[in-house]
Structure formats: structure tokens, C-alpha cells
$ cat data_0.cif   # mmCIF, N, CA and C atoms
data_start
#
loop_
_atom_site.label_atom_id
_atom_site.label_comp_id
_atom_site.auth_asym_id
_atom_site.auth_seq_id
_atom_site.Cartn_x
_atom_site.Cartn_y
_atom_site.Cartn_z
N MET A 1 17.97 10.82 1.67
CA MET A 1 16.66 10.91 1.06
C MET A 1 16.58 12.26 0.34
N GLU A 2 15.98 12.25 -0.81
CA GLU A 2 15.90 13.49 -1.58
C GLU A 2 14.85 14.44 -1.01
N LEU A 3 15.03 15.70 -1.29
CA LEU A 3 14.08 16.72 -0.86
C LEU A 3 13.05 16.96 -1.95
N LYS A 4 11.84 17.28 -1.56
CA LYS A 4 10.77 17.67 -2.49
C LYS A 4 10.47 19.13 -2.25
N PHE A 5 10.07 19.81 -3.29
CA PHE A 5 9.83 21.25 -3.21
C PHE A 5 8.39 21.56 -3.60
N ALA A 6 7.76 22.41 -2.82
CA ALA A 6 6.43 22.94 -3.13
C ALA A 6 6.57 24.46 -3.20
N SER A 7 5.48 25.15 -3.43
CA SER A 7 5.56 26.60 -3.63
C SER A 7 6.19 27.35 -2.46
N HIS A 8 5.92 26.93 -1.24
CA HIS A 8 6.44 27.65 -0.08
C HIS A 8 7.13 26.75 0.94
N CYS A 9 7.57 25.58 0.52
CA CYS A 9 8.21 24.70 1.49
C CYS A 9 9.09 23.65 0.81
N VAL A 10 9.93 23.06 1.62
CA VAL A 10 10.75 21.93 1.22
C VAL A 10 10.42 20.81 2.21
N TYR A 11 10.25 19.59 1.72
CA TYR A 11 9.81 18.52 2.62
C TYR A 11 10.38 17.16 2.23
N GLN A 12 10.28 16.24 3.20
CA GLN A 12 10.64 14.83 3.03
C GLN A 12 9.61 14.01 3.78
N ILE A 13 8.48 13.76 3.17
CA ILE A 13 7.41 13.04 3.85
C ILE A 13 7.11 11.77 3.07
N ARG A 14 7.35 10.63 3.72
CA ARG A 14 7.08 9.34 3.09
C ARG A 14 6.36 8.45 4.08
N TYR A 15 5.47 7.66 3.56
CA TYR A 15 4.68 6.75 4.40
C TYR A 15 4.76 5.32 3.88
N HIS A 16 4.80 4.40 4.81
CA HIS A 16 4.63 2.98 4.50
C HIS A 16 3.21 2.65 4.94
N GLN A 17 2.35 2.31 3.98
CA GLN A 17 0.96 2.03 4.26
C GLN A 17 0.65 0.56 4.02
N VAL A 18 -0.21 0.00 4.85
CA VAL A 18 -0.67 -1.36 4.67
C VAL A 18 -2.19 -1.36 4.75
N LEU A 19 -2.83 -1.89 3.71
CA LEU A 19 -4.29 -1.99 3.64
C LEU A 19 -4.65 -3.47 3.55
N CYS A 20 -5.68 -3.89 4.26
CA CYS A 20 -6.11 -5.30 4.24
C CYS A 20 -7.46 -5.44 3.56
N ILE A 21 -7.60 -6.51 2.79
CA ILE A 21 -8.88 -6.83 2.17
C ILE A 21 -9.86 -7.25 3.28
N LYS A 22 -11.12 -6.90 3.11
CA LYS A 22 -12.15 -7.26 4.08
C LYS A 22 -12.15 -8.77 4.30
N TYR A 23 -12.27 -9.17 5.54
CA TYR A 23 -12.26 -10.56 5.97
C TYR A 23 -10.95 -11.29 5.64
N ARG A 24 -9.92 -10.54 5.28
CA ARG A 24 -8.61 -11.11 4.88
C ARG A 24 -8.76 -12.14 3.77
N LYS A 25 -9.71 -11.90 2.87
CA LYS A 25 -9.91 -12.78 1.72
C LYS A 25 -8.71 -12.68 0.79
N LYS A 26 -8.33 -13.77 0.21
CA LYS A 26 -7.14 -13.84 -0.66
C LYS A 26 -7.48 -13.46 -2.10
N ILE A 27 -8.25 -12.42 -2.28
CA ILE A 27 -8.70 -11.99 -3.60
C ILE A 27 -7.55 -11.61 -4.51
N LEU A 28 -6.53 -10.99 -3.97
CA LEU A 28 -5.44 -10.48 -4.80
C LEU A 28 -4.44 -11.56 -5.22
N ARG A 29 -4.73 -12.81 -4.92
CA ARG A 29 -3.89 -13.89 -5.45
C ARG A 29 -4.03 -13.99 -6.96
N GLU A 30 -5.19 -13.58 -7.47
CA GLU A 30 -5.43 -13.63 -8.90
C GLU A 30 -4.74 -12.45 -9.58
N ARG A 31 -3.93 -12.76 -10.55
CA ARG A 31 -3.07 -11.76 -11.20
C ARG A 31 -3.85 -10.58 -11.78
N ARG A 32 -4.96 -10.83 -12.45
CA ARG A 32 -5.71 -9.73 -13.08
C ARG A 32 -6.21 -8.73 -12.04
N TYR A 33 -6.64 -9.20 -10.88
CA TYR A 33 -7.07 -8.29 -9.81
C TYR A 33 -5.88 -7.48 -9.28
N ARG A 34 -4.79 -8.18 -9.07
CA ARG A 34 -3.58 -7.54 -8.52
C ARG A 34 -3.08 -6.45 -9.46
N GLU A 35 -2.98 -6.76 -10.75
CA GLU A 35 -2.48 -5.78 -11.71
C GLU A 35 -3.42 -4.58 -11.85
N TRP A 36 -4.73 -4.84 -11.86
CA TRP A 36 -5.69 -3.74 -11.94
C TRP A 36 -5.60 -2.84 -10.72
N LEU A 37 -5.46 -3.44 -9.54
CA LEU A 37 -5.34 -2.65 -8.31
C LEU A 37 -4.09 -1.76 -8.36
N LYS A 38 -2.98 -2.31 -8.79
CA LYS A 38 -1.75 -1.51 -8.90
C LYS A 38 -1.93 -0.36 -9.88
N GLU A 39 -2.61 -0.62 -10.98
CA GLU A 39 -2.86 0.43 -11.98
C GLU A 39 -3.73 1.54 -11.39
N ILE A 40 -4.76 1.16 -10.66
CA ILE A 40 -5.63 2.17 -10.02
C ILE A 40 -4.82 3.01 -9.04
N ILE A 41 -4.00 2.37 -8.22
CA ILE A 41 -3.20 3.11 -7.24
C ILE A 41 -2.26 4.08 -7.94
N ARG A 42 -1.67 3.66 -9.03
CA ARG A 42 -0.79 4.58 -9.79
C ARG A 42 -1.57 5.76 -10.35
N GLU A 43 -2.76 5.51 -10.87
CA GLU A 43 -3.59 6.61 -11.39
C GLU A 43 -4.01 7.56 -10.28
N VAL A 44 -4.37 7.03 -9.14
CA VAL A 44 -4.73 7.86 -7.98
C VAL A 44 -3.54 8.73 -7.59
N SER A 45 -2.37 8.14 -7.57
CA SER A 45 -1.17 8.90 -7.17
C SER A 45 -0.90 10.05 -8.13
N GLU A 46 -1.12 9.83 -9.41
CA GLU A 46 -0.93 10.93 -10.37
C GLU A 46 -1.97 12.02 -10.18
N ARG A 47 -3.20 11.63 -9.97
CA ARG A 47 -4.29 12.60 -9.82
C ARG A 47 -4.13 13.44 -8.56
N TYR A 48 -3.62 12.84 -7.47
CA TYR A 48 -3.52 13.54 -6.19
C TYR A 48 -2.10 13.96 -5.85
N TRP A 49 -1.21 13.85 -6.78
CA TRP A 49 0.18 14.29 -6.60
C TRP A 49 0.93 13.51 -5.53
N TYR A 50 0.60 12.23 -5.37
CA TYR A 50 1.38 11.36 -4.50
C TYR A 50 2.43 10.70 -5.40
N GLU A 51 3.53 10.32 -4.83
CA GLU A 51 4.54 9.57 -5.57
C GLU A 51 4.65 8.19 -4.95
N ILE A 52 4.46 7.18 -5.74
CA ILE A 52 4.53 5.81 -5.25
C ILE A 52 5.92 5.26 -5.56
N ASP A 53 6.65 4.84 -4.53
CA ASP A 53 7.96 4.22 -4.73
C ASP A 53 7.81 2.72 -4.95
N GLU A 54 6.96 2.09 -4.16
CA GLU A 54 6.78 0.64 -4.25
C GLU A 54 5.32 0.28 -3.96
N ILE A 55 4.85 -0.77 -4.63
CA ILE A 55 3.55 -1.37 -4.32
C ILE A 55 3.78 -2.87 -4.32
N TRP A 56 3.28 -3.53 -3.30
CA TRP A 56 3.37 -4.99 -3.26
C TRP A 56 2.07 -5.54 -2.71
N THR A 57 1.58 -6.60 -3.31
CA THR A 57 0.35 -7.21 -2.82
C THR A 57 0.55 -8.68 -2.53
N ASP A 58 -0.03 -9.12 -1.45
CA ASP A 58 -0.16 -10.53 -1.16
C ASP A 58 -1.65 -10.80 -1.37
N GLY A 59 -2.06 -11.99 -1.22
CA GLY A 59 -3.45 -12.30 -1.48
C GLY A 59 -4.45 -11.48 -0.70
N ASP A 60 -4.09 -11.06 0.51
CA ASP A 60 -5.08 -10.40 1.36
C ASP A 60 -4.70 -9.01 1.85
N HIS A 61 -3.57 -8.48 1.44
CA HIS A 61 -3.21 -7.11 1.83
C HIS A 61 -2.26 -6.47 0.83
N VAL A 62 -2.09 -5.15 0.96
CA VAL A 62 -1.27 -4.36 0.04
C VAL A 62 -0.34 -3.47 0.85
N HIS A 63 0.94 -3.41 0.43
CA HIS A 63 1.90 -2.46 0.99
C HIS A 63 2.12 -1.37 -0.04
N ILE A 64 2.14 -0.11 0.42
CA ILE A 64 2.40 1.03 -0.47
C ILE A 64 3.44 1.91 0.21
N PHE A 65 4.46 2.29 -0.54
CA PHE A 65 5.49 3.21 -0.04
C PHE A 65 5.30 4.50 -0.84
N VAL A 66 4.84 5.57 -0.18
CA VAL A 66 4.36 6.76 -0.88
C VAL A 66 4.94 8.06 -0.31
N TRP A 67 5.25 8.99 -1.23
CA TRP A 67 5.59 10.38 -0.89
C TRP A 67 4.28 11.16 -0.87
N ALA A 68 4.20 12.17 -0.03
CA ALA A 68 3.04 13.05 -0.03
C ALA A 68 3.46 14.46 0.34
N THR A 69 2.64 15.41 -0.04
CA THR A 69 2.94 16.81 0.30
C THR A 69 2.55 17.08 1.75
N PRO A 70 3.09 18.14 2.35
CA PRO A 70 2.77 18.46 3.75
C PRO A 70 1.30 18.77 4.00
N LYS A 71 0.58 19.21 2.97
CA LYS A 71 -0.83 19.53 3.18
C LYS A 71 -1.72 18.29 3.29
N GLU A 72 -1.20 17.14 2.93
CA GLU A 72 -1.97 15.90 2.98
C GLU A 72 -1.75 15.17 4.30
N SER A 73 -2.81 14.87 4.99
CA SER A 73 -2.68 14.09 6.22
C SER A 73 -2.59 12.60 5.85
N PRO A 74 -1.92 11.81 6.68
CA PRO A 74 -1.82 10.38 6.38
C PRO A 74 -3.18 9.70 6.25
N SER A 75 -4.12 10.06 7.11
CA SER A 75 -5.44 9.43 7.05
C SER A 75 -6.19 9.84 5.78
N LYS A 76 -5.98 11.06 5.30
CA LYS A 76 -6.62 11.52 4.06
C LYS A 76 -6.07 10.72 2.87
N ILE A 77 -4.76 10.49 2.86
CA ILE A 77 -4.15 9.71 1.79
C ILE A 77 -4.76 8.31 1.78
N MET A 78 -4.86 7.71 2.95
CA MET A 78 -5.42 6.37 3.06
C MET A 78 -6.88 6.36 2.60
N GLN A 79 -7.66 7.36 3.01
CA GLN A 79 -9.06 7.45 2.64
C GLN A 79 -9.22 7.55 1.13
N VAL A 80 -8.42 8.38 0.49
CA VAL A 80 -8.48 8.56 -0.97
C VAL A 80 -8.16 7.24 -1.68
N ILE A 81 -7.07 6.61 -1.28
CA ILE A 81 -6.65 5.37 -1.94
C ILE A 81 -7.70 4.27 -1.72
N LYS A 82 -8.17 4.11 -0.50
CA LYS A 82 -9.14 3.05 -0.21
C LYS A 82 -10.46 3.26 -0.96
N SER A 83 -10.97 4.48 -0.96
CA SER A 83 -12.28 4.71 -1.57
C SER A 83 -12.25 4.53 -3.08
N ILE A 84 -11.26 5.11 -3.74
CA ILE A 84 -11.20 5.02 -5.20
C ILE A 84 -10.88 3.60 -5.66
N THR A 85 -9.94 2.94 -5.01
CA THR A 85 -9.60 1.58 -5.43
C THR A 85 -10.78 0.62 -5.23
N ALA A 86 -11.50 0.76 -4.14
CA ALA A 86 -12.66 -0.11 -3.89
C ALA A 86 -13.72 0.09 -4.97
N LYS A 87 -14.04 1.34 -5.26
CA LYS A 87 -15.05 1.64 -6.27
C LYS A 87 -14.64 1.07 -7.63
N GLU A 88 -13.39 1.26 -8.00
CA GLU A 88 -12.92 0.79 -9.31
C GLU A 88 -12.82 -0.73 -9.38
N MET A 89 -12.41 -1.37 -8.30
CA MET A 89 -12.34 -2.84 -8.30
C MET A 89 -13.75 -3.43 -8.45
N PHE A 90 -14.73 -2.89 -7.74
CA PHE A 90 -16.11 -3.38 -7.85
C PHE A 90 -16.71 -3.08 -9.22
N ARG A 91 -16.33 -1.94 -9.79
CA ARG A 91 -16.86 -1.58 -11.11
C ARG A 91 -16.35 -2.55 -12.18
N LYS A 92 -15.05 -2.81 -12.17
CA LYS A 92 -14.48 -3.66 -13.21
C LYS A 92 -14.73 -5.15 -12.95
N TYR A 93 -14.74 -5.56 -11.69
CA TYR A 93 -14.92 -6.97 -11.33
C TYR A 93 -16.07 -7.12 -10.34
N PRO A 94 -17.31 -7.05 -10.81
CA PRO A 94 -18.45 -7.12 -9.89
C PRO A 94 -18.55 -8.45 -9.14
N GLU A 95 -17.91 -9.49 -9.65
CA GLU A 95 -17.95 -10.80 -8.96
C GLU A 95 -17.27 -10.74 -7.59
N ILE A 96 -16.40 -9.75 -7.40
CA ILE A 96 -15.73 -9.60 -6.10
C ILE A 96 -16.73 -9.26 -5.01
N LYS A 97 -17.79 -8.54 -5.37
CA LYS A 97 -18.81 -8.18 -4.38
C LYS A 97 -19.40 -9.42 -3.72
N LYS A 98 -19.62 -10.45 -4.51
CA LYS A 98 -20.19 -11.70 -3.96
C LYS A 98 -19.21 -12.36 -3.00
N GLU A 99 -17.94 -12.30 -3.35
CA GLU A 99 -16.90 -12.88 -2.49
C GLU A 99 -16.85 -12.18 -1.14
N LEU A 100 -17.11 -10.87 -1.16
CA LEU A 100 -17.06 -10.07 0.07
C LEU A 100 -18.45 -9.81 0.65
N ARG A 101 -19.45 -10.55 0.18
CA ARG A 101 -20.83 -10.43 0.67
C ARG A 101 -21.38 -9.03 0.50
N TRP A 102 -21.04 -8.37 -0.59
CA TRP A 102 -21.53 -7.04 -0.96
C TRP A 102 -21.10 -5.94 0.00
N TRP A 103 -20.15 -6.22 0.86
CA TRP A 103 -19.66 -5.20 1.77
C TRP A 103 -18.51 -4.45 1.15
N SER A 104 -17.81 -3.71 1.94
CA SER A 104 -16.70 -2.92 1.42
C SER A 104 -15.53 -3.82 1.01
N PHE A 105 -14.70 -3.29 0.15
CA PHE A 105 -13.54 -4.02 -0.36
C PHE A 105 -12.44 -4.11 0.70
N TRP A 106 -12.21 -2.99 1.40
CA TRP A 106 -11.12 -2.91 2.38
C TRP A 106 -11.63 -3.10 3.79
N SER A 107 -10.79 -3.67 4.61
CA SER A 107 -11.05 -3.79 6.03
C SER A 107 -10.99 -2.40 6.66
N ASP A 108 -11.60 -2.23 7.82
CA ASP A 108 -11.50 -0.96 8.53
C ASP A 108 -10.09 -0.75 9.07
N TRP A 109 -9.37 -1.85 9.27
CA TRP A 109 -8.00 -1.80 9.81
C TRP A 109 -7.03 -1.35 8.74
N TRP A 110 -6.04 -0.51 9.13
CA TRP A 110 -4.95 -0.14 8.25
C TRP A 110 -3.76 0.31 9.08
N TYR A 111 -2.61 0.39 8.44
CA TYR A 111 -1.38 0.79 9.12
C TYR A 111 -0.71 1.87 8.29
N ILE A 112 -0.19 2.90 8.96
CA ILE A 112 0.66 3.90 8.31
C ILE A 112 1.85 4.15 9.22
N GLY A 113 3.03 4.06 8.64
CA GLY A 113 4.26 4.40 9.35
C GLY A 113 5.02 5.45 8.56
N THR A 114 5.61 6.39 9.26
CA THR A 114 6.41 7.40 8.57
C THR A 114 7.83 6.89 8.38
N VAL A 115 8.42 7.32 7.28
CA VAL A 115 9.81 6.99 6.99
C VAL A 115 10.50 8.34 6.85
N TRP A 116 11.44 8.60 7.70
CA TRP A 116 12.12 9.90 7.70
C TRP A 116 13.60 9.72 7.50
N GLU A 117 14.33 10.83 7.48
CA GLU A 117 15.73 10.79 7.08
C GLU A 117 16.61 9.93 7.99
N TRP A 118 16.23 9.70 9.24
CA TRP A 118 17.05 8.87 10.11
C TRP A 118 16.66 7.39 10.05
N THR A 119 15.60 7.11 9.32
CA THR A 119 15.20 5.73 9.08
C THR A 119 15.82 5.32 7.76
N ASN A 120 16.31 4.14 7.69
CA ASN A 120 16.92 3.67 6.45
C ASN A 120 15.82 3.30 5.47
N GLU A 121 15.59 4.16 4.48
CA GLU A 121 14.51 3.93 3.51
C GLU A 121 14.72 2.65 2.71
N ASP A 122 15.96 2.25 2.53
CA ASP A 122 16.23 1.01 1.80
C ASP A 122 15.66 -0.20 2.52
N ILE A 123 15.63 -0.16 3.84
CA ILE A 123 15.05 -1.27 4.62
C ILE A 123 13.57 -1.40 4.28
N VAL A 124 12.86 -0.28 4.23
CA VAL A 124 11.43 -0.31 3.92
C VAL A 124 11.21 -0.79 2.49
N LYS A 125 12.00 -0.26 1.54
CA LYS A 125 11.87 -0.69 0.15
C LYS A 125 12.13 -2.19 0.01
N ARG A 126 13.19 -2.67 0.63
CA ARG A 126 13.50 -4.11 0.55
C ARG A 126 12.40 -4.95 1.19
N TYR A 127 11.87 -4.46 2.28
CA TYR A 127 10.79 -5.17 2.95
C TYR A 127 9.60 -5.35 2.01
N ILE A 128 9.24 -4.29 1.31
CA ILE A 128 8.11 -4.36 0.40
C ILE A 128 8.45 -5.21 -0.83
N GLN A 129 9.64 -5.05 -1.38
CA GLN A 129 10.04 -5.79 -2.57
C GLN A 129 10.23 -7.28 -2.31
N ASN A 130 10.70 -7.63 -1.12
CA ASN A 130 11.09 -9.01 -0.84
C ASN A 130 10.08 -9.79 -0.03
N GLN A 131 8.81 -9.44 -0.17
CA GLN A 131 7.79 -10.23 0.51
C GLN A 131 7.79 -11.62 -0.10
N TRP A 132 7.58 -12.61 0.74
CA TRP A 132 7.60 -13.99 0.27
C TRP A 132 6.19 -14.48 0.06
N ASP A 133 6.06 -15.49 -0.79
CA ASP A 133 4.73 -16.06 -0.95
C ASP A 133 4.39 -16.92 0.27
N GLU A 134 3.18 -17.40 0.32
CA GLU A 134 2.68 -18.07 1.53
C GLU A 134 3.49 -19.31 1.91
N ILE A 135 3.93 -20.07 0.94
CA ILE A 135 4.71 -21.28 1.23
C ILE A 135 6.04 -20.92 1.87
N GLU A 136 6.73 -19.94 1.30
CA GLU A 136 8.01 -19.53 1.87
C GLU A 136 7.84 -18.89 3.23
N ARG A 137 6.74 -18.17 3.42
CA ARG A 137 6.51 -17.49 4.69
C ARG A 137 6.33 -18.49 5.83
N LYS A 138 5.80 -19.66 5.50
CA LYS A 138 5.66 -20.67 6.53
C LYS A 138 7.02 -21.19 6.99
N GLN A 139 8.00 -21.14 6.10
CA GLN A 139 9.34 -21.63 6.44
C GLN A 139 10.17 -20.57 7.15
N TYR A 140 9.92 -19.31 6.90
CA TYR A 140 10.71 -18.22 7.46
C TYR A 140 9.80 -17.23 8.16
N LYS A 141 10.31 -16.55 9.14
CA LYS A 141 9.54 -15.48 9.78
C LYS A 141 9.61 -14.26 8.88
N GLN A 142 8.53 -13.47 8.87
CA GLN A 142 8.50 -12.27 8.05
C GLN A 142 9.50 -11.25 8.57
N LEU A 143 10.09 -10.48 7.64
CA LEU A 143 11.07 -9.47 8.03
C LEU A 143 10.49 -8.49 9.03
N LYS A 144 11.30 -8.02 9.94
CA LYS A 144 10.87 -7.04 10.93
C LYS A 144 11.45 -5.69 10.54
N LEU A 145 10.61 -4.67 10.48
CA LEU A 145 11.08 -3.32 10.21
C LEU A 145 11.73 -2.77 11.47
N PHE A 146 12.83 -2.09 11.31
CA PHE A 146 13.47 -1.44 12.45
C PHE A 146 14.13 -0.15 11.99
N THR A 147 14.35 0.73 12.93
CA THR A 147 14.97 2.01 12.62
C THR A 147 16.47 1.93 12.91
N ILE A 148 17.16 2.97 12.55
CA ILE A 148 18.61 3.03 12.74
C ILE A 148 18.95 2.91 14.22
N ARG A 149 18.03 3.37 15.10
CA ARG A 149 18.27 3.27 16.54
C ARG A 149 18.30 1.82 17.02
N ASP A 150 17.61 0.92 16.31
CA ASP A 150 17.57 -0.48 16.71
C ASP A 150 18.86 -1.24 16.35
N VAL A 151 19.65 -0.67 15.44
CA VAL A 151 20.85 -1.35 14.96
C VAL A 151 21.98 -1.25 15.96
#
$ encode --input "data_0.cif" --output "C-alpha cells"
Amino acid sequence: MELKFASHCVYQIRYHQVLCIKYRKKILRERRYREWLKEIIREVSERYWYEIDEIWTDGDHVHIFVWATPKESPSKIMQVIKSITAKEMFRKYPEIKKELRWWSFWSDWWYIGTVWEWTNEDIVKRYIQNQWDEIERKQYKQLKLFTIRDV
């Protein structure tokens, strides 16, 4: 894994984040919503100096593989991404509010996992890139993430 440099430190901090749509609604099945969400996440990453390696969306949740600086806490990164994307999705597509009964866009539930030098980052990237659609997922079990220690 490559090293990142800041003014007074060298670091390797990457997170695998999963955010779920409120009520697990399949809103992101529609391409225009999915593409707009990805665009917002990319803009947020530029504004806050996060680096996004991968973004993948299924109808009801989003996976993000992100670099962050040491000064950023994982929960702060999640808070920034969730708040800005929700506001922008509702602004551009107000009809989504009705689908979610005027509540928040994201569920309160989320997942963050760290990916470090002893974890095979390619496994996480492949996991995010190779998500299957709902029909295929019914035929196969979803991939399980594991560390080098599990091998």
C-alpha cells in the first residue's frame, strides 16, 4: 500500500464504509440517482481531501473505499459524507422525500472497517467492484471479507 504524506506525518489510513438508505428503500436502483450520488461523493472527497478508491451502490446501500488524513476520525468522515449527500439528493430530487416520508435519506446504521498494510487491499477493492445484482445474489452467497490472518 502506498504511503501518504502530510506536513508532519506519513500515513496509510483507508476505510471501507457502508451506508444504508433509510428503510432500506431501493432508491438507488434508478441510474440518475446513483450517478448523482457518486458525483456528490466525489465532490465531497475533493473538498475535504479524502481520496475515493471505489464507490459501489446497490439499490439500498453504498460501499465507499476511502483514504483519509490522520486528523479525520472515521465517524467525522461518515458524518460529512452522509449530511452533504442527503442534502444534495433532496435538493436535486425532491420526490425522494416522499418515498422516505420526509425523513432523513440515510439510515442511522453504518459500517466502517479499516484497511491496513497487513490486510489485502485488493480483496476489499474486488469486493466493492464485484457486487452482484439482486438476481445473482439470490443464486450465490455474498463475498465474505477476510484478512490475511484468515487465509
$ atom_distance --input "data_0.cif" --atom1 "atom C of A:Lys76" --atom2 "atom C of A:His61"
17.7 Å
$ closest_residue --input "data_0.cif" --among "A:Val18, A:Ile55, A:Val115, A:Ala86" --to "A:Glu35" --atoms "only C-alpha atoms"
A:Ile55
$ atom_distance --input "data_0.cif" --atom1 "atom CA of A:Val44" --atom2 "atom C of A:Gln129"
22.0 Å
$ atom_distance --input "data_0.cif" --atom1 "atom CA of A:Lys92" --atom2 "atom CA of A:Trp67"
27.4 Å
$ residues_around --input "data_0.cif" --residues "A:Arg42" --least-positions-apart "2" --cutoff "12 Å" --atoms "only C-alpha atoms" --output "CSV table (one decimal) with N, CA and C atoms, in the coordinates of the input"
chain,number,residue,atom,x,y,z
A,35,GLU,N,-3.0,-6.8,-10.8
A,35,GLU,CA,-2.5,-5.8,-11.7
A,35,GLU,C,-3.4,-4.6,-11.8
A,36,TRP,N,-4.7,-4.8,-11.9
A,36,TRP,CA,-5.7,-3.7,-11.9
A,36,TRP,C,-5.6,-2.8,-10.7
A,37,LEU,N,-5.5,-3.4,-9.5
A,37,LEU,CA,-5.3,-2.6,-8.3
A,37,LEU,C,-4.1,-1.8,-8.4
A,38,LYS,N,-3.0,-2.3,-8.8
A,38,LYS,CA,-1.8,-1.5,-8.9
A,38,LYS,C,-1.9,-0.4,-9.9
A,39,GLU,N,-2.6,-0.6,-11.0
A,39,GLU,CA,-2.9,0.4,-12.0
A,39,GLU,C,-3.7,1.5,-11.4
A,40,ILE,N,-4.8,1.2,-10.7
A,40,ILE,CA,-5.6,2.2,-10.0
A,40,ILE,C,-4.8,3.0,-9.0
A,44,VAL,N,-4.4,7.0,-9.1
A,44,VAL,CA,-4.7,7.9,-8.0
A,44,VAL,C,-3.5,8.7,-7.6
A,45,SER,N,-2.4,8.1,-7.6
A,45,SER,CA,-1.2,8.9,-7.2
A,45,SER,C,-0.9,10.0,-8.1
A,46,GLU,N,-1.1,9.8,-9.4
A,46,GLU,CA,-0.9,10.9,-10.4
A,46,GLU,C,-2.0,12.0,-10.2
A,47,ARG,N,-3.2,11.6,-10.0
A,47,ARG,CA,-4.3,12.6,-9.8
A,47,ARG,C,-4.1,13.4,-8.6
A,48,TYR,N,-3.6,12.8,-7.5
A,48,TYR,CA,-3.5,13.5,-6.2
A,48,TYR,C,-2.1,14.0,-5.8
A,49,TRP,N,-1.2,13.8,-6.8
A,49,TRP,CA,0.2,14.3,-6.6
A,49,TRP,C,0.9,13.5,-5.5
A,50,TYR,N,0.6,12.2,-5.4
A,50,TYR,CA,1.4,11.4,-4.5
A,50,TYR,C,2.4,10.7,-5.4
A,51,GLU,N,3.5,10.3,-4.8
A,51,GLU,CA,4.5,9.6,-5.6
A,51,GLU,C,4.6,8.2,-5.0
A,52,ILE,N,4.5,7.2,-5.7
A,52,ILE,CA,4.5,5.8,-5.2
A,52,ILE,C,5.9,5.3,-5.6
A,53,ASP,N,6.6,4.8,-4.5
A,53,ASP,CA,8.0,4.2,-4.7
A,53,ASP,C,7.8,2.7,-5.0
A,54,GLU,N,7.0,2.1,-4.2
A,54,GLU,CA,6.8,0.6,-4.2
A,54,GLU,C,5.3,0.3,-4.0
A,55,ILE,N,4.8,-0.8,-4.6
A,55,ILE,CA,3.6,-1.4,-4.3
A,55,ILE,C,3.8,-2.9,-4.3
A,64,ILE,N,2.1,-0.1,0.4
A,64,ILE,CA,2.4,1.0,-0.5
A,64,ILE,C,3.4,1.9,0.2
A,65,PHE,N,4.5,2.3,-0.5
A,65,PHE,CA,5.5,3.2,0.0
A,65,PHE,C,5.3,4.5,-0.8
A,66,VAL,N,4.8,5.6,-0.2
A,66,VAL,CA,4.4,6.8,-0.9
A,66,VAL,C,4.9,8.1,-0.3
A,81,ILE,N,-7.1,6.6,-1.3
A,81,ILE,CA,-6.6,5.4,-1.9
A,81,ILE,C,-7.7,4.3,-1.7
A,84,ILE,N,-11.3,5.1,-3.7
A,84,ILE,CA,-11.2,5.0,-5.2
A,84,ILE,C,-10.9,3.6,-5.7
A,85,THR,N,-9.9,2.9,-5.0
A,85,THR,CA,-9.6,1.6,-5.4
A,85,THR,C,-10.8,0.6,-5.2
$ closest_residue --input "data_0.cif" --among "A:Glu72, A:Asp122, A:Glu95, A:Asp60" --to "A:Leu19" --atoms "all atoms listed in the file"
A:Asp60
$ closest_residue --input "data_0.cif" --among "A:Gln17, A:Thr114, A:His63, A:Arg91" --to "A:Gln79" --atoms "only C-alpha atoms"
A:Gln17
